[in-house]
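A.B. asks: data33.cif is the file, holding mmCIF, C-alpha atoms and all ligand atoms:
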data_work
#
loop_
_atom_site.group_PDB
_atom_site.id
_atom_site.type_symbol
_atom_site.label_atom_id
_atom_site.label_comp_id
_atom_site.auth_asym_id
_atom_site.auth_seq_id
_atom_site.Cartn_x
_atom_site.Cartn_y
_atom_site.Cartn_z
ATOM 1 C CA MET A 173 6.872 6.089 25.633
ATOM 2 C CA ASN A 174 6.100 7.268 22.138
ATOM 3 C CA ASN A 175 3.060 9.266 21.312
ATOM 4 C CA PHE A 176 2.667 8.833 17.589
ATOM 5 C CA LYS A 177 0.538 11.467 15.885
ATOM 6 C CA ILE A 178 -0.458 9.313 12.902
ATOM 7 C CA VAL A 179 -0.115 5.579 12.300
ATOM 8 C CA PHE A 180 0.330 4.639 8.644
ATOM 9 C CA SER A 181 -0.086 1.040 7.568
ATOM 10 C CA ASP A 182 -0.026 -1.140 4.511
ATOM 11 C CA PHE A 183 -3.215 -3.188 4.103
ATOM 12 C CA ASP A 184 -2.736 -6.668 2.555
ATOM 13 C CA GLY A 185 -0.703 -8.971 4.770
ATOM 14 C CA THR A 186 -0.217 -6.222 7.362
ATOM 15 C CA LEU A 187 -3.777 -5.411 8.461
ATOM 16 C CA THR A 188 -5.276 -8.532 6.874
ATOM 17 C CA TYR A 189 -4.657 -12.126 7.898
ATOM 18 C CA LYS A 190 -4.825 -15.102 5.541
ATOM 19 C CA GLU A 191 -6.278 -12.924 2.787
ATOM 20 C CA GLY A 192 -9.108 -11.630 4.923
ATOM 21 C CA LEU A 193 -10.093 -9.173 7.607
ATOM 22 C CA ASN A 194 -9.773 -10.686 11.066
ATOM 23 C CA PRO A 195 -11.430 -9.394 14.269
ATOM 24 C CA VAL A 196 -7.961 -8.199 15.334
ATOM 25 C CA PHE A 197 -8.285 -5.456 12.688
ATOM 26 C CA PHE A 198 -11.142 -3.999 14.724
ATOM 27 C CA ASP A 199 -9.060 -4.294 17.909
ATOM 28 C CA ILE A 200 -6.409 -2.151 16.185
ATOM 29 C CA ILE A 201 -9.013 0.444 15.179
ATOM 30 C CA ASN A 202 -10.474 0.477 18.707
ATOM 31 C CA LEU A 203 -7.057 0.876 20.324
ATOM 32 C CA LEU A 204 -6.118 3.743 17.995
ATOM 33 C CA ALA A 205 -9.518 5.375 18.532
ATOM 34 C CA SER A 206 -9.070 5.163 22.321
ATOM 35 C CA LYS A 207 -5.763 7.024 21.918
ATOM 36 C CA LYS A 208 -7.245 9.424 19.339
ATOM 37 C CA THR A 209 -4.487 8.428 16.920
ATOM 38 C CA PRO A 210 -5.528 8.449 13.248
ATOM 39 C CA LEU A 211 -4.880 5.413 11.051
ATOM 40 C CA VAL A 212 -4.014 6.072 7.421
ATOM 41 C CA ILE A 213 -3.934 2.944 5.253
ATOM 42 C CA VAL A 214 -1.251 3.134 2.542
ATOM 43 C CA THR A 215 -2.048 0.435 0.036
ATOM 44 C CA GLY A 216 -1.454 -0.790 -3.485
ATOM 45 C CA ARG A 217 -5.195 -1.361 -3.744
ATOM 46 C CA SER A 218 -7.272 0.690 -6.124
ATOM 47 C CA LEU A 219 -8.960 4.065 -5.845
ATOM 48 C CA SER A 220 -12.302 2.265 -5.653
ATOM 49 C CA TRP A 221 -10.963 0.227 -2.722
ATOM 50 C CA GLY A 222 -10.070 3.499 -0.986
ATOM 51 C CA HIS A 223 -13.651 4.575 -1.408
ATOM 52 C CA PHE A 224 -14.831 1.244 0.026
ATOM 53 C CA LEU A 225 -12.560 1.499 3.077
ATOM 54 C CA LEU A 226 -13.680 5.048 3.872
ATOM 55 C CA THR A 227 -17.318 4.149 3.382
ATOM 56 C CA HIS A 228 -17.277 1.121 5.680
ATOM 57 C CA PHE A 229 -14.785 2.092 8.379
ATOM 58 C CA PRO A 230 -15.933 5.411 9.845
ATOM 59 C CA TYR A 231 -12.734 5.806 11.902
ATOM 60 C CA LEU A 232 -10.716 6.229 8.705
ATOM 61 C CA THR A 233 -10.665 9.668 7.105
ATOM 62 C CA ASP A 234 -7.844 9.250 4.568
ATOM 63 C CA VAL A 235 -6.562 6.304 2.544
ATOM 64 C CA ILE A 236 -3.502 6.464 0.281
ATOM 65 C CA VAL A 237 -4.133 4.094 -2.634
ATOM 66 C CA GLU A 238 -2.557 2.730 -5.812
ATOM 67 C CA GLY A 239 0.866 2.604 -4.161
ATOM 68 C CA GLY A 240 0.829 6.369 -3.598
ATOM 69 C CA GLY A 241 -0.869 7.435 -6.827
ATOM 70 C CA ALA A 242 -3.892 8.998 -5.145
ATOM 71 C CA ILE A 243 -5.342 9.980 -1.773
ATOM 72 C CA VAL A 244 -8.998 9.404 -0.950
ATOM 73 C CA THR A 245 -10.384 11.627 1.806
ATOM 74 C CA ARG A 246 -13.657 11.926 3.651
ATOM 75 C CA SER A 247 -14.808 15.248 4.985
ATOM 76 C CA GLY A 248 -18.292 15.122 6.404
ATOM 77 C CA LYS A 249 -20.512 13.197 4.028
ATOM 78 C CA PHE A 250 -18.250 13.753 1.051
ATOM 79 C CA ILE A 251 -15.503 11.528 -0.246
ATOM 80 C CA THR A 252 -13.009 13.175 -2.563
ATOM 81 C CA GLU A 253 -9.955 11.971 -4.428
ATOM 82 C CA GLU A 254 -6.673 13.729 -5.053
ATOM 83 C CA CYS A 255 -4.627 12.328 -7.892
ATOM 84 C CA LEU A 256 -0.862 12.626 -7.361
ATOM 85 C CA VAL A 257 -0.038 11.616 -10.937
ATOM 86 C CA SER A 258 -0.127 14.066 -13.863
ATOM 87 C CA HIS A 259 -2.986 13.879 -16.357
ATOM 88 C CA GLU A 260 -0.434 13.071 -19.109
ATOM 89 C CA ASN A 261 0.804 10.043 -17.196
ATOM 90 C CA VAL A 262 -2.751 8.857 -16.494
ATOM 91 C CA LEU A 263 -3.431 8.973 -20.262
ATOM 92 C CA ARG A 264 -0.097 7.368 -21.154
ATOM 93 C CA LEU A 265 -0.823 4.506 -18.758
ATOM 94 C CA ALA A 266 -4.249 3.913 -20.329
ATOM 95 C CA GLU A 267 -2.575 3.671 -23.765
ATOM 96 C CA PHE A 268 0.139 1.382 -22.464
ATOM 97 C CA ALA A 269 -2.435 -0.906 -20.780
ATOM 98 C CA ASN A 270 -3.948 -1.483 -24.243
ATOM 99 C CA GLU A 271 -0.520 -2.294 -25.696
ATOM 100 C CA PHE A 272 0.092 -4.659 -22.802
ATOM 101 C CA THR A 273 -3.084 -6.657 -23.334
ATOM 102 C CA THR A 274 -2.240 -6.930 -27.045
ATOM 103 C CA GLU A 275 1.273 -8.193 -26.246
ATOM 104 C CA PHE A 276 0.076 -10.653 -23.561
ATOM 105 C CA PRO A 277 -3.422 -11.723 -24.605
ATOM 106 C CA LYS A 278 -3.466 -14.586 -22.076
ATOM 107 C CA ILE A 279 -2.687 -12.336 -19.104
ATOM 108 C CA LYS A 280 -5.704 -10.483 -17.775
ATOM 109 C CA LEU A 281 -5.488 -7.283 -15.817
ATOM 110 C CA SER A 282 -6.851 -7.736 -12.285
ATOM 111 C CA VAL A 283 -10.599 -7.260 -11.960
ATOM 112 C CA ASP A 284 -9.991 -4.234 -9.742
ATOM 113 C CA SER A 285 -7.993 -2.579 -12.549
ATOM 114 C CA PHE A 286 -11.375 -1.293 -13.652
ATOM 115 C CA GLY A 287 -11.376 0.868 -10.501
ATOM 116 C CA ARG A 288 -7.783 2.017 -10.965
ATOM 117 C CA LYS A 289 -6.636 5.388 -12.265
ATOM 118 C CA THR A 290 -2.901 5.829 -11.688
ATOM 119 C CA ASP A 291 -1.788 2.216 -12.008
ATOM 120 C CA ARG A 292 -2.896 -1.195 -13.268
ATOM 121 C CA ALA A 293 -2.480 -4.594 -11.670
ATOM 122 C CA ILE A 294 -2.069 -8.242 -12.535
ATOM 123 C CA GLU A 295 -2.969 -10.970 -10.033
ATOM 124 C CA LEU A 296 0.223 -12.715 -8.939
ATOM 125 C CA HIS A 297 -1.555 -16.067 -8.996
ATOM 126 C CA ASP A 298 -2.037 -15.572 -12.748
ATOM 127 C CA LEU A 299 1.754 -15.376 -13.076
ATOM 128 C CA GLN A 300 2.726 -18.713 -11.547
ATOM 129 C CA ASP A 301 4.635 -19.419 -14.721
ATOM 130 C CA GLY A 302 8.018 -17.734 -14.106
ATOM 131 C CA VAL A 303 8.595 -17.342 -17.847
ATOM 132 C CA TYR A 304 5.647 -14.974 -18.136
ATOM 133 C CA PHE A 305 6.855 -12.944 -15.177
ATOM 134 C CA HIS A 306 10.263 -12.505 -16.799
ATOM 135 C CA HIS A 307 8.762 -11.467 -20.168
ATOM 136 C CA ILE A 308 6.382 -9.027 -18.528
ATOM 137 C CA GLU A 309 9.163 -7.384 -16.547
ATOM 138 C CA GLU A 310 11.238 -7.040 -19.725
ATOM 139 C CA PHE A 311 8.283 -5.532 -21.582
ATOM 140 C CA LEU A 312 7.605 -3.025 -18.790
ATOM 141 C CA ARG A 313 11.259 -1.987 -18.624
ATOM 142 C CA ALA A 314 11.486 -1.615 -22.421
ATOM 143 C CA HIS A 315 8.518 0.784 -22.316
ATOM 144 C CA ASN A 316 9.902 2.735 -19.366
ATOM 145 C CA ILE A 317 6.986 1.690 -17.151
ATOM 146 C CA ASN A 318 7.573 1.450 -13.397
ATOM 147 C CA PHE A 319 6.393 -1.584 -11.458
ATOM 148 C CA SER A 320 6.373 -3.207 -8.048
ATOM 149 C CA THR A 321 5.084 -6.351 -6.389
ATOM 150 C CA SER A 322 2.744 -6.517 -3.396
ATOM 151 C CA ASN A 323 1.427 -9.640 -1.656
ATOM 152 C CA VAL A 324 -1.272 -10.025 -4.254
ATOM 153 C CA HIS A 325 -0.443 -7.963 -7.333
ATOM 154 C CA LEU A 326 2.163 -6.920 -9.823
ATOM 155 C CA ASN A 327 1.366 -3.199 -10.174
ATOM 156 C CA PHE A 328 2.633 -0.937 -12.940
ATOM 157 C CA TRP A 329 2.353 2.806 -13.517
ATOM 158 C CA CYS A 330 3.787 5.848 -15.331
ATOM 159 C CA GLY A 331 5.568 8.654 -13.529
ATOM 160 C CA LYS A 332 7.104 9.080 -10.125
ATOM 161 C CA VAL A 333 4.889 7.326 -7.595
ATOM 162 C CA SER A 334 5.732 5.733 -4.280
ATOM 163 C CA LYS A 335 4.123 5.155 -0.931
ATOM 164 C CA TYR A 336 6.816 7.353 0.626
ATOM 165 C CA LEU A 337 6.283 10.302 -1.748
ATOM 166 C CA ALA A 338 2.540 10.222 -1.067
ATOM 167 C CA VAL A 339 2.988 9.954 2.707
ATOM 168 C CA SER A 340 5.473 12.867 2.667
ATOM 169 C CA TYR A 341 3.018 14.948 0.637
ATOM 170 C CA PHE A 342 0.205 14.034 3.045
ATOM 171 C CA LEU A 343 2.283 14.903 6.135
ATOM 172 C CA ASN A 344 3.321 18.203 4.626
ATOM 173 C CA ASN A 345 -0.353 19.115 4.184
ATOM 174 C CA GLN A 346 -1.083 17.994 7.740
ATOM 175 C CA LYS A 347 1.893 19.985 9.044
ATOM 176 C CA THR A 348 2.989 16.868 10.920
ATOM 177 C CA LEU A 349 6.591 15.701 11.190
ATOM 178 C CA GLU A 350 7.566 12.308 9.867
ATOM 179 C CA ASN A 351 9.468 11.363 13.032
ATOM 180 C CA GLU A 352 6.234 11.719 15.027
ATOM 181 C CA CYS A 353 4.600 8.956 12.981
ATOM 182 C CA LEU A 354 4.850 5.219 12.469
ATOM 183 C CA PHE A 355 4.501 2.889 9.479
ATOM 184 C CA PHE A 356 3.735 -0.851 9.345
ATOM 185 C CA GLY A 357 4.389 -2.986 6.275
ATOM 186 C CA ASP A 358 5.205 -6.474 5.104
ATOM 187 C CA SER A 359 6.235 -6.567 1.467
ATOM 188 C CA LEU A 360 8.339 -5.386 -1.457
ATOM 189 C CA ASN A 361 6.019 -2.502 -2.294
ATOM 190 C CA ASP A 362 6.669 -1.062 1.185
ATOM 191 C CA GLN A 363 10.365 -0.611 0.439
ATOM 192 C CA ALA A 364 10.163 3.117 -0.303
ATOM 193 C CA MET A 365 8.795 3.557 3.212
ATOM 194 C CA PHE A 366 11.402 1.252 4.753
ATOM 195 C CA LYS A 367 14.116 3.149 2.913
ATOM 196 C CA SER A 368 13.172 6.660 3.939
ATOM 197 C CA PHE A 369 10.517 6.747 6.671
ATOM 198 C CA TYR A 370 11.809 7.490 10.150
ATOM 199 C CA ASN A 371 9.906 4.815 12.139
ATOM 200 C CA SER A 372 8.968 1.667 10.245
ATOM 201 C CA VAL A 373 7.947 -1.749 11.528
ATOM 202 C CA GLY A 374 7.853 -4.985 9.544
ATOM 203 C CA VAL A 375 5.322 -7.536 10.788
ATOM 204 C CA SER A 376 6.805 -11.018 11.145
ATOM 205 C CA ASN A 377 5.522 -12.400 7.821
ATOM 206 C CA ILE A 378 7.988 -10.019 6.181
ATOM 207 C CA SER A 379 10.441 -12.899 6.694
ATOM 208 C CA SER A 380 9.188 -14.401 3.409
ATOM 209 C CA VAL A 381 10.638 -11.470 1.411
ATOM 210 C CA ILE A 382 13.325 -10.184 3.773
ATOM 211 C CA ASP A 383 16.189 -11.475 1.595
ATOM 212 C CA ARG A 384 14.775 -9.604 -1.409
ATOM 213 C CA LEU A 385 14.474 -6.285 0.442
ATOM 214 C CA GLU A 386 17.257 -3.862 -0.310
ATOM 215 C CA PHE A 387 15.943 -1.594 2.447
ATOM 216 C CA LYS A 388 14.574 -3.077 5.643
ATOM 217 C CA PRO A 389 12.242 -1.638 8.306
ATOM 218 C CA THR A 390 13.845 -0.047 11.371
ATOM 219 C CA THR A 391 12.087 -2.675 13.528
ATOM 220 C CA ILE A 392 11.407 -6.239 12.387
ATOM 221 C CA LEU A 393 8.959 -8.306 14.414
ATOM 222 C CA THR A 394 9.414 -12.055 14.690
ATOM 223 C CA GLY A 395 7.325 -15.058 15.720
ATOM 224 C CA ASP A 396 3.911 -16.397 14.728
ATOM 225 C CA GLU A 397 2.294 -14.159 17.338
ATOM 226 C CA ASN A 398 3.382 -11.126 15.297
ATOM 227 C CA ILE A 399 2.033 -12.112 11.896
ATOM 228 C CA GLY A 400 0.189 -9.278 10.099
ATOM 229 C CA PRO A 401 -2.412 -7.471 12.215
ATOM 230 C CA PHE A 402 -1.409 -9.412 15.354
ATOM 231 C CA GLY A 403 2.053 -7.859 15.103
ATOM 232 C CA VAL A 404 0.543 -4.416 14.513
ATOM 233 C CA LEU A 405 -1.670 -4.735 17.604
ATOM 234 C CA ASN A 406 1.125 -6.108 19.813
ATOM 235 C CA TYR A 407 3.481 -3.326 18.764
ATOM 236 C CA LEU A 408 0.882 -0.604 19.298
ATOM 237 C CA LYS A 409 -0.054 -1.948 22.734
ATOM 238 C CA LYS A 410 3.598 -1.674 23.792
ATOM 239 C CA ASN A 411 4.485 1.575 22.075
ATOM 240 C CA LEU A 412 1.434 3.782 21.724
HETATM 241 MG MG MG B 1 1.326 -5.970 2.014
#
Kindly transcribe the structure held in the file into structure tokens.
C.D. replies:
Amino acid sequence: MNNFKIVFSDFDGTLTYKEGLNPVFFDIINLLASKKTPLVIVTGRSLSWGHFLLTHFPYLTDVIVEGGGAIVTRSGKFITEECLVSHENVLRLAEFANEFTTEFPKIKLSVDSFGRKTDRAIELHDLQDGVYFHHIEEFLRAHNINFSTSNVHLNFWCGKVSKYLAVSYFLNNQKTLENECLFFGDSLNDQAMFKSFYNSVGVSNISSVIDRLEFKPTTILTGDENIGPFGVLNYLKKNL
């Protein structure tokens, strides 16, 4: 039996089901609370989303957001942010975002880009046209801008940012060893975790991107009963 000290999890497609929160999310929280095991969401969502999650889910005390660009923490009544990207790169990104919107006037940044600090996002459903996607990728590469794709967004940023780097930094501060923890994910932007994190689990809907993953989770769940949060709950029930 494992006794994981911290459970890390991606949010979209891993803790959400069909683009929404399902009651099973609360079952996961309740199970983890009964075992006194913290849940740290590690998401590509924005800093303002991190604030939302901490405000509305009292069990959460830390959320890693913007693909590892920042950590939002609650201590007592206060919610604070720690930016893991240099001030220079935050400024450079803001300048580049202006260049981007000039180059692609028909492509809007995601509405939640307003609440972003260390990255920007474009809704994938605005990029149905494969030609645009190709041009955008070329433009980002030409400007030395990093990018990644989640279930919902194409995110781009300046500097060295990854979910794994942020989780390692967080664990170092917590004086907790990586091999005592667990990570759940489902998509391309979880690859840094799949590549380097000791215990990683892919929920079964990862099958839609599995051929595009250079690095795969150490455990891959299968079957409709293990889609997203259902897979997370089933795995935790067996292994926590
Ligand atoms: Mg996801």
A.B. asks: For this file, the PyMOL selection byres (((chain A and resi 288) around 12) and not hetatm) selects which residues, as an NGL selection string?
C.D. replies: :A and (216-223 or 237-239 or 241-242 or 255 or 262 or 265-266 or 269 or 281-287 or 289-294 or 327-329)
A.B. asks: Mind telling me what the PyMOL selection byres (((not hetatm)) within 9 of (chain B and resi 1)) catches here, as a list in words?
C.D. replies: Asp182, Phe183, Asp184, Gly185, Thr186, Leu187, Thr188, Thr215, Gly216, Ser322, Asn323, Val324, Gly357, Asp358, Ser359, Leu360, Asn361, Asp362, Ile378 and Gly400 of chain A
A.B. asks: Here's a test: counting all atoms listed in the file, identify every protein, DNA and RNA residue with an atom at most 12 Å from (-13.9, 3.6, -0.6) in the file's coordinate frame, and state them as a PyMOL selection string.
C.D. replies: chain A and resi 213+217-230+232-237+243-246+250-253+287
A.B. asks: Expanded to explicit residues, what is the PyMOL selection byres (((chain A and resi 311) around 12) and not hetatm) for this file, as a list in words?
C.D. replies: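 So the PyMOL selection byres (((chain A and resi 311) around 12) and not hetatm), applied here, picks out Phe268, Ala269, Glu271, Phe272, Thr273, Thr274, Glu275, Phe276, Tyr304, Phe305, His306, His307, Ile308, Glu309, Glu310, Leu312, Arg313, Ala314, His315, Asn316, Ile317, Asn318, Phe319 and Phe328 of chain A.
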A.B. asks: When you draw a straight line from atom CA of A:Leu256 to atom CA of A:Lys280, how long is it in Å?
C.D. replies: 25.8 Å
A.B. asks: Pick out the closest residue to A:Arg384 from this set: A:Pro210, A:Ile399, A:Ala338, A:Thr321. Count all atoms listed in the file.
C.D. replies: A:Thr321
A.B. asks: Calculate how many Å separate atom CA of A:Gly240 from atom CA of A:Val333, rounding to one decimal.
C.D. replies: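 Between these atoms lies a distance of 5.8 Å.
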A.B. asks: Each residue of stretch 312-385 of chain A with at least one atom at most 8 Å from stretch 390-393 of chain A should appear once, together with its nearest atom pair and the corresponding distance in Å (one decimal); atoms considered: only C-alpha atoms; ordering: chain, then increasing residue number; output as a tab-separated table.
C.D. replies:
residue	atom	partner	partner_atom	distance
A:Phe366	CA	A:Thr390	CA	7.2
A:Tyr370	CA	A:Thr390	CA	7.9
A:Asn371	CA	A:Thr390	CA	6.3
A:Ser372	CA	A:Thr390	CA	5.3
A:Val373	CA	A:Thr391	CA	4.7
A:Gly374	CA	A:Ile392	CA	4.7
A:Val375	CA	A:Leu393	CA	5.2
A:Ser376	CA	A:Leu393	CA	4.8
A.B. asks: Please indicate the distance in Å from atom CA of A:Phe197 to atom CA of A:Glu295, rounded to one decimal place.
C.D. replies: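 A separation of 24.0 Å between them.
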A.B. asks: As an mmCIF file with C-alpha atoms, in the coordinates of the input, please: the residues near A:Lys409 (cut-off 12 Å, all atoms listed in the file, same-chain neighbours under 2 positions excluded).
C.D. replies:
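Listed below is the output, result_2.cif:
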data_model
loop_
_atom_site.group_PDB
_atom_site.id
_atom_site.type_symbol
_atom_site.label_atom_id
_atom_site.label_comp_id
_atom_site.auth_asym_id
_atom_site.auth_seq_id
_atom_site.Cartn_x
_atom_site.Cartn_y
_atom_site.Cartn_z
ATOM 1 C CA MET A 173 6.872 6.089 25.633
ATOM 2 C CA ASN A 174 6.100 7.268 22.138
ATOM 3 C CA ASN A 175 3.060 9.266 21.312
ATOM 4 C CA ASP A 199 -9.060 -4.294 17.909
ATOM 5 C CA ILE A 200 -6.409 -2.151 16.185
ATOM 6 C CA ILE A 201 -9.013 0.444 15.179
ATOM 7 C CA ASN A 202 -10.474 0.477 18.707
ATOM 8 C CA LEU A 203 -7.057 0.876 20.324
ATOM 9 C CA LEU A 204 -6.118 3.743 17.995
ATOM 10 C CA SER A 206 -9.070 5.163 22.321
ATOM 11 C CA LYS A 207 -5.763 7.024 21.918
ATOM 12 C CA PHE A 402 -1.409 -9.412 15.354
ATOM 13 C CA GLY A 403 2.053 -7.859 15.103
ATOM 14 C CA VAL A 404 0.543 -4.416 14.513
ATOM 15 C CA LEU A 405 -1.670 -4.735 17.604
ATOM 16 C CA ASN A 406 1.125 -6.108 19.813
ATOM 17 C CA TYR A 407 3.481 -3.326 18.764
ATOM 18 C CA ASN A 411 4.485 1.575 22.075
ATOM 19 C CA LEU A 412 1.434 3.782 21.724
#
A.B. asks: If we count all atoms listed in the file and set the cut-off at 8 Å, which residues sit around A:Leu385, ignoring sequence neighbours fewer than 3 positions away in its own chain? Please answer as a PDB file with C-alpha atoms, keeping the file's coordinate frame.
C.D. replies:
ATOM      1  CA  LEU A 360       8.339  -5.386  -1.457  1.00  0.00           C
ATOM      2  CA  GLN A 363      10.365  -0.611   0.439  1.00  0.00           C
ATOM      3  CA  VAL A 381      10.638 -11.470   1.411  1.00  0.00           C
ATOM      4  CA  ILE A 382      13.325 -10.184   3.773  1.00  0.00           C
ATOM      5  CA  LYS A 388      14.574  -3.077   5.643  1.00  0.00           C
TER       6      LYS A 388
END
A.B. asks: Pick from A:Ile178, A:Val196, A:Leu337, A:Leu349: nearest to A:Lys367, with all atoms listed in the file counted?
C.D. replies: A:Leu337
